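Novice: Got a file for you: query-v4.cif, mmCIF, C-alpha atoms.
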data_data
#
loop_
_atom_site.label_atom_id
_atom_site.label_comp_id
_atom_site.auth_asym_id
_atom_site.auth_seq_id
_atom_site.Cartn_x
_atom_site.Cartn_y
_atom_site.Cartn_z
CA MET H 133 9.75 -21.15 -3.69
CA GLU H 134 7.07 -21.29 -6.39
CA PRO H 135 6.91 -18.12 -8.52
CA GLN H 136 3.65 -16.22 -8.09
CA ARG H 137 1.20 -17.03 -10.87
CA ASP H 138 -1.27 -14.36 -11.84
CA ASP H 139 -5.03 -14.86 -11.56
CA SER H 140 -5.66 -15.67 -15.23
CA LEU H 141 -3.01 -18.40 -15.18
CA LEU H 142 -4.45 -19.85 -11.97
CA VAL H 143 -7.94 -19.87 -13.49
CA GLN H 144 -6.62 -21.72 -16.54
CA ASP H 145 -4.79 -24.22 -14.35
CA TYR H 146 -7.90 -24.76 -12.25
CA ILE H 147 -10.05 -25.36 -15.33
CA SER H 148 -7.40 -27.86 -16.49
CA GLY H 149 -7.92 -29.76 -13.24
CA GLU H 150 -5.39 -28.34 -10.80
CA GLU H 151 -7.41 -27.98 -7.57
CA LYS H 152 -4.52 -26.27 -5.78
CA ALA H 153 -4.97 -23.26 -8.07
CA LEU H 154 -8.41 -22.64 -6.57
CA GLU H 155 -6.98 -22.68 -3.06
CA ILE H 156 -4.41 -20.05 -4.05
CA LEU H 157 -7.10 -17.88 -5.64
CA ILE H 158 -9.37 -18.11 -2.58
CA ASN H 159 -6.57 -17.33 -0.13
CA ARG H 160 -5.25 -14.50 -2.30
CA HIS H 161 -8.60 -12.69 -2.45
CA ASN H 162 -10.19 -13.85 0.81
CA GLN H 163 -9.64 -10.66 2.78
CA ARG H 164 -10.61 -8.29 -0.02
CA ILE H 165 -13.85 -10.08 -0.90
CA SER H 166 -14.79 -10.68 2.75
CA SER H 167 -14.20 -7.01 3.61
CA PHE H 168 -16.29 -5.93 0.64
CA ILE H 169 -19.19 -8.19 1.71
CA TYR H 170 -18.85 -7.21 5.38
CA SER H 171 -18.93 -3.50 4.48
CA LYS H 172 -22.43 -4.06 3.06
CA VAL H 173 -24.02 -6.61 5.40
CA LEU H 174 -22.20 -5.73 8.67
CA ASP H 175 -22.52 -9.27 9.98
CA ARG H 176 -19.64 -11.73 10.16
CA ASP H 177 -21.75 -14.89 9.81
CA VAL H 178 -23.68 -13.52 6.83
CA THR H 179 -20.36 -12.40 5.32
CA GLU H 180 -19.05 -15.96 5.57
CA ASP H 181 -22.26 -17.37 4.03
CA ILE H 182 -22.17 -14.97 1.09
CA PHE H 183 -18.44 -15.58 0.61
CA GLN H 184 -19.16 -19.31 0.42
CA ASP H 185 -22.06 -18.88 -2.01
CA THR H 186 -19.93 -16.59 -4.16
CA PHE H 187 -17.21 -19.19 -4.60
CA ILE H 188 -19.74 -21.96 -5.18
CA LYS H 189 -20.94 -19.92 -8.17
CA VAL H 190 -17.36 -19.28 -9.23
CA ILE H 191 -16.54 -23.01 -9.07
CA LYS H 192 -19.67 -24.00 -11.02
CA THR H 193 -19.10 -21.39 -13.71
CA LEU H 194 -15.45 -22.33 -14.15
CA LYS H 195 -16.18 -26.05 -14.25
CA LYS H 196 -18.97 -25.55 -16.77
CA GLY H 197 -16.53 -23.62 -18.97
CA ASN H 198 -18.77 -20.54 -18.98
CA TYR H 199 -16.06 -18.14 -17.81
CA SER H 200 -14.52 -15.96 -20.48
CA GLU H 201 -11.05 -14.92 -19.49
CA GLU H 202 -10.45 -11.22 -19.92
CA GLY H 203 -7.91 -10.83 -17.15
CA LYS H 204 -10.57 -9.66 -14.74
CA PHE H 205 -11.04 -12.46 -12.27
CA LEU H 206 -11.38 -10.36 -9.10
CA PRO H 207 -13.89 -7.81 -10.49
CA TRP H 208 -15.93 -10.75 -11.81
CA VAL H 209 -15.98 -12.42 -8.36
CA MET H 210 -16.83 -9.07 -6.75
CA ARG H 211 -19.77 -8.70 -9.13
CA ILE H 212 -21.07 -12.14 -8.12
CA ALA H 213 -20.67 -11.21 -4.44
CA HIS H 214 -22.45 -7.91 -5.06
CA ASN H 215 -25.41 -9.70 -6.68
CA LEU H 216 -25.61 -12.16 -3.79
CA ILE H 217 -25.60 -9.28 -1.30
CA ILE H 218 -28.57 -7.77 -3.13
CA ASP H 219 -30.31 -11.19 -3.06
CA HIS H 220 -29.63 -11.38 0.68
CA PHE H 221 -31.29 -8.03 1.34
CA ARG H 222 -34.22 -8.90 -0.91
CA LYS H 223 -34.70 -12.19 0.89
CA ASN H 224 -34.68 -10.53 4.28
CA LYS H 225 -36.92 -7.70 3.15
CA ARG H 226 -34.42 -5.37 4.68
CA MET H 227 -34.25 -3.15 1.64
CA PRO H 228 -37.32 -0.90 1.75
CA LYS H 229 -38.96 -0.26 -1.60
CA PHE H 230 -39.78 3.30 -2.48
CA GLU H 231 -43.15 3.71 -4.12
CA GLY H 232 -43.45 7.44 -4.34
CA ASN H 233 -46.78 9.08 -3.70
CA ASP H 234 -47.97 11.99 -1.58
CA ASP H 235 -49.22 9.82 1.28
CA PHE H 236 -46.01 7.89 1.64
CA ASN H 237 -42.88 9.24 3.21
CA ILE H 238 -39.79 7.12 2.71
CA PHE H 239 -38.30 8.44 5.99
CA SER H 240 -41.11 6.86 7.96
CA VAL H 241 -39.81 3.49 6.77
CA ILE H 242 -36.06 4.01 6.86
CA GLY H 243 -34.83 4.39 10.38
CA ASP H 244 -31.28 5.23 11.37
CA ASP H 245 -30.52 4.70 15.03
CA LYS H 246 -26.89 5.72 14.64
CA LEU H 247 -25.73 9.04 16.01
CA ASN H 248 -24.96 11.76 13.53
CA ALA H 249 -21.33 12.84 13.12
CA GLU H 250 -21.57 15.71 15.62
CA LYS H 251 -23.26 13.63 18.33
CA GLN H 252 -20.79 10.79 17.75
CA LEU H 253 -17.91 13.25 18.30
CA ILE H 254 -19.54 14.46 21.52
CA LYS H 255 -20.12 10.88 22.67
CA ASP H 256 -16.48 9.99 21.99
CA GLN H 257 -15.38 13.05 23.96
CA ILE H 258 -17.65 12.12 26.87
CA ASP H 259 -16.33 8.56 26.83
CA SER H 260 -12.73 9.72 26.95
CA ASP H 261 -13.51 12.32 29.68
CA LEU H 262 -15.26 9.66 31.73
CA THR H 263 -12.28 7.33 31.41
CA LEU H 264 -10.09 10.07 32.92
CA LEU H 265 -12.64 10.79 35.68
CA ILE H 266 -12.88 7.11 36.60
CA GLU H 267 -9.10 7.09 37.12
CA GLU H 268 -9.67 9.58 39.98
CA LEU H 269 -11.77 7.07 41.97
CA PRO H 270 -10.35 4.91 44.77
CA ASP H 271 -9.18 1.54 43.44
CA ASP H 272 -11.92 -0.59 45.04
CA GLN H 273 -14.71 1.62 43.65
CA LYS H 274 -13.03 1.91 40.27
CA GLU H 275 -12.74 -1.88 40.02
CA VAL H 276 -16.47 -2.42 40.71
CA LEU H 277 -17.54 0.35 38.32
CA LEU H 278 -15.38 -0.96 35.46
CA MET H 279 -16.69 -4.50 35.93
CA ARG H 280 -20.30 -3.35 36.09
CA ILE H 281 -20.37 -0.76 33.30
CA TYR H 282 -17.65 -1.77 30.87
CA LYS H 283 -17.61 -5.54 31.34
CA ASP H 284 -21.36 -5.81 31.94
CA MET H 285 -20.88 -8.17 34.89
CA SER H 286 -23.64 -8.78 37.43
CA PHE H 287 -23.07 -7.85 41.07
CA LYS H 288 -22.98 -11.56 41.88
CA GLU H 289 -20.12 -12.06 39.39
CA ILE H 290 -18.37 -8.95 40.72
CA SER H 291 -18.58 -10.21 44.29
CA GLU H 292 -17.16 -13.59 43.22
CA ASN H 293 -14.32 -11.95 41.30
CA THR H 294 -13.35 -9.43 43.94
CA GLY H 295 -13.94 -11.65 46.97
CA VAL H 296 -16.36 -9.27 48.70
CA SER H 297 -20.07 -9.65 49.46
CA ILE H 298 -22.74 -8.50 47.01
CA ASN H 299 -23.75 -5.76 49.44
CA THR H 300 -20.19 -4.44 49.58
CA ALA H 301 -20.01 -4.46 45.78
CA LEU H 302 -23.33 -2.59 45.60
CA GLY H 303 -22.06 -0.08 48.17
CA ARG H 304 -18.82 0.47 46.25
CA MET H 305 -20.78 1.04 43.04
CA ARG H 306 -23.02 3.56 44.81
CA TYR H 307 -20.02 5.44 46.25
CA ALA H 308 -18.28 5.30 42.88
CA LEU H 309 -21.25 7.10 41.27
CA ILE H 310 -21.53 9.61 44.13
CA ASN H 311 -17.81 10.36 43.92
CA LEU H 312 -17.94 10.67 40.14
CA ARG H 313 -20.73 13.24 40.45
CA LYS H 314 -18.70 15.11 43.08
CA ILE H 315 -15.64 15.21 40.82
CA ILE H 316 -17.81 16.41 37.93
CA ASP H 317 -19.36 19.16 40.10
CA ARG H 318 -16.03 20.19 41.58
CA HIS H 319 -14.49 20.70 38.15
CA ASN H 320 -17.63 22.19 36.58
CA ILE H 321 -17.55 19.54 33.88
CA VAL H 322 -20.51 19.36 31.50
CA LEU H 323 -21.22 15.90 30.09
CA THR H 324 -24.17 16.01 27.75
CA ASN H 325 -25.40 14.63 24.46
CA SER H 326 -29.00 15.76 24.20
CA MET Z 51 -7.21 0.24 29.41
CA GLU Z 52 -7.62 -2.83 27.19
CA LYS Z 53 -9.68 -4.49 29.92
CA ILE Z 54 -12.36 -1.83 29.58
CA TYR Z 55 -12.97 -2.71 25.96
CA SER Z 56 -12.30 -6.43 26.24
CA THR Z 57 -15.87 -7.41 25.40
CA LYS Z 58 -15.65 -5.74 21.99
CA LYS Z 59 -12.15 -6.80 21.02
CA ASN Z 60 -13.16 -8.56 17.79
CA ALA Z 61 -14.70 -5.34 16.43
CA CYS Z 62 -11.23 -4.43 15.16
CA GLU Z 63 -10.53 -7.74 13.41
CA ILE Z 64 -10.64 -7.66 9.63
CA PRO Z 65 -13.39 -10.01 8.45
CA LYS Z 66 -12.06 -13.04 6.60
CA ALA Z 67 -13.62 -16.36 5.62
CA GLY Z 68 -12.46 -19.00 8.08
CA PRO Z 69 -10.53 -22.20 7.36
CA GLU Z 70 -13.72 -24.32 7.60
CA THR Z 71 -15.35 -22.31 4.82
CA ILE Z 72 -12.26 -22.60 2.62
CA LYS Z 73 -12.02 -26.33 3.29
CA PHE Z 74 -15.69 -26.73 2.41
CA LEU Z 75 -15.17 -24.91 -0.89
CA LEU Z 76 -12.12 -26.99 -1.80
CA ASP Z 77 -13.94 -30.23 -0.94
CA TYR Z 78 -16.96 -29.06 -2.92
CA SER Z 79 -14.76 -28.25 -5.89
CA ARG Z 80 -13.09 -31.69 -5.75
CA ALA Z 81 -16.47 -33.43 -5.52
CA LEU Z 82 -18.26 -31.49 -8.25
CA ARG Z 83 -18.50 -32.98 -11.72
CA ILE Z 84 -20.37 -31.31 -14.56
CA THR Z 85 -21.90 -33.62 -17.13
CA LYS Z 86 -23.24 -32.17 -20.37
CA HIS Z 87 -25.83 -33.83 -22.53
CA ARG Z 88 -27.01 -31.90 -25.59
CA GLN Z 89 -28.04 -28.49 -24.29
CA PHE Z 90 -28.42 -29.70 -20.68
CA SER Z 91 -25.74 -29.68 -18.04
CA PHE Z 92 -25.95 -31.70 -14.81
CA ASP Z 93 -24.13 -31.06 -11.54
CA LEU Z 94 -22.94 -34.23 -9.85
CA ILE Z 95 -21.57 -34.23 -6.33
CA LEU Z 96 -19.36 -37.31 -5.92
CA ASN Z 97 -18.54 -38.43 -2.41
#
As a first step, turn the structure in this file into structure tokens.

Specialist:
Amino acid sequence: MEPQRDDSLLVQDYISGEEKALEILINRHNQRISSFIYSKVLDRDVTEDIFQDTFIKVIKTLKKGNYSEEGKFLPWVMRIAHNLIIDHFRKNKRMPKFEGNDDFNIFSVIGDDKLNAEKQLIKDQIDSDLTLLIEELPDDQKEVLLMRIYKDMSFKEISENTGVSINTALGRMRYALINLRKIIDRHNIVLTNS
Amino acid sequence: MEKIYSTKKNACEIPKAGPETIKFLLDYSRALRITKHRQFSFDLILN
């Protein structure tokens, strides 16, 4: 087994013409750099694009001999990725520019459709309560409800998968909801996130 | 239980550049030649 070479040695070997060294460097830092990019852009395809552009810059810089080795390969690559992320947001005009004056409120531009921490906790609680309540339903109704709500299947697809008519599937869904409401009423359960 | 969340199963996967991307980068690296002339440098992609 080949002893593990550190980054600076691999960079030197790559500059000297050993292409395999680049492969080791990419594989070694793939997850860390990808996770860093993904944490900013939240899109897997964009992450892959920026990852690719980052290493294209790395390759060009190394081949041009413009890289000064200070034992900091990963932070240097991260910095390139960071700059490309900023370029990405600039290009997509996703990063609102704040030009402060009295007529302009930054919060009218920046929208956040995510739930706040408290509402997210309540939502999680409701989701887990609902999962328990659904378990109380008869199997045929439970099956239809899970396919419709959690798997987002159409009633046509549900009827094909369960071997019943569309009308039967619709009926089972209706009874599932009625029964869920009954169970909720019977146990005085409050499900709300207003 | 896993069936309920089956449509979102890749939400838990750690993002990682795929093998195609890595292959592209390695091919690009092999094909790239830098030629310098005075203060200019030229990128050549050799197929």

Novice: In Å, rounded to a single decimal, give me how far atom CA of H:Asp177 is from atom CA of H:His220.

Specialist: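 So the two atoms, atom CA of H:His220 and atom CA of H:Asp177, lie 12.6 Å apart.
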
Novice: Kindly compute an axis-aligned box around the listed atoms of stretch 74-88 of chain Z, allowing 6 Å on each side, and express its centre and edge lengths in Å to one decimal as lines of an AutoDock Vina configuration file.

Specialist:
center_x = -19.6
center_y = -29.4
center_z = -11.6
size_x = 26.9
size_y = 20.9
size_z = 40.0

Novice: For a quick check of understanding, using only C-alpha atoms, which of H:Leu309, H:Ile258, H:Ile290, H:Leu278 has the smallest distance to H:Ile321?

Specialist: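 Smallest distance to H:Ile321 is found for H:Ile258.
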
Novice: I'd like to know which of H:Leu142, H:Ile165, H:Val276, H:Leu216 is closest to chain Z, using all atoms listed in the file.

Specialist: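 Going through H:Leu142, H:Ile165, H:Val276, H:Leu216 one by one, the smallest distance to chain Z is for H:Ile165.
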
Novice: Please return, as a count of residues only, all polymer residues that have at least one atom within 7 Å of the point (-9.7, -8.8, 4.8); use only C-alpha atoms and the file's own coordinate frame.

Specialist: 8

Novice: Which residues of chain H sit at most 8 Å from chain Z, using all atoms listed in the file? Give each one's shortest atom pair and distance in Å (one decimal place), in chain and ascending residue order, as a Markdown table.

Specialist:
| residue | atom | partner | partner_atom | distance |
| --- | --- | --- | --- | --- |
| H:Glu151 | CA | Z:Arg80 | CA | 7.0 |
| H:Leu154 | CA | Z:Leu76 | CA | 7.4 |
| H:Glu155 | CA | Z:Leu76 | CA | 6.8 |
| H:Ile158 | CA | Z:Ile72 | CA | 7.5 |
| H:Asn162 | CA | Z:Lys66 | CA | 6.1 |
| H:Gln163 | CA | Z:Lys66 | CA | 5.1 |
| H:Ser166 | CA | Z:Lys66 | CA | 5.3 |
| H:Ser167 | CA | Z:Pro65 | CA | 5.8 |
| H:Tyr170 | CA | Z:Pro65 | CA | 6.9 |
| H:Arg176 | CA | Z:Pro65 | CA | 6.7 |
| H:Thr179 | CA | Z:Ala67 | CA | 7.8 |
| H:Glu180 | CA | Z:Ala67 | CA | 5.4 |
| H:Phe183 | CA | Z:Ala67 | CA | 7.0 |
| H:Gln184 | CA | Z:Thr71 | CA | 6.5 |
| H:Phe187 | CA | Z:Leu75 | CA | 7.1 |
| H:Ile188 | CA | Z:Leu75 | CA | 6.9 |
| H:Ile191 | CA | Z:Ser79 | CA | 6.4 |
| H:Lys195 | CA | Z:Ile84 | CA | 6.7 |
| H:Lys196 | CA | Z:Ile84 | CA | 6.3 |
| H:Leu278 | CA | Z:Ile54 | CA | 6.7 |
| H:Tyr282 | CA | Z:Ile54 | CA | 5.4 |
| H:Lys283 | CA | Z:Thr57 | CA | 6.5 |

Novice: Would you compute the distance between atom CA of H:Arg304 and atom CA of H:Asp256? Give it in Å to one decimal.

Specialist: 26.2 Å
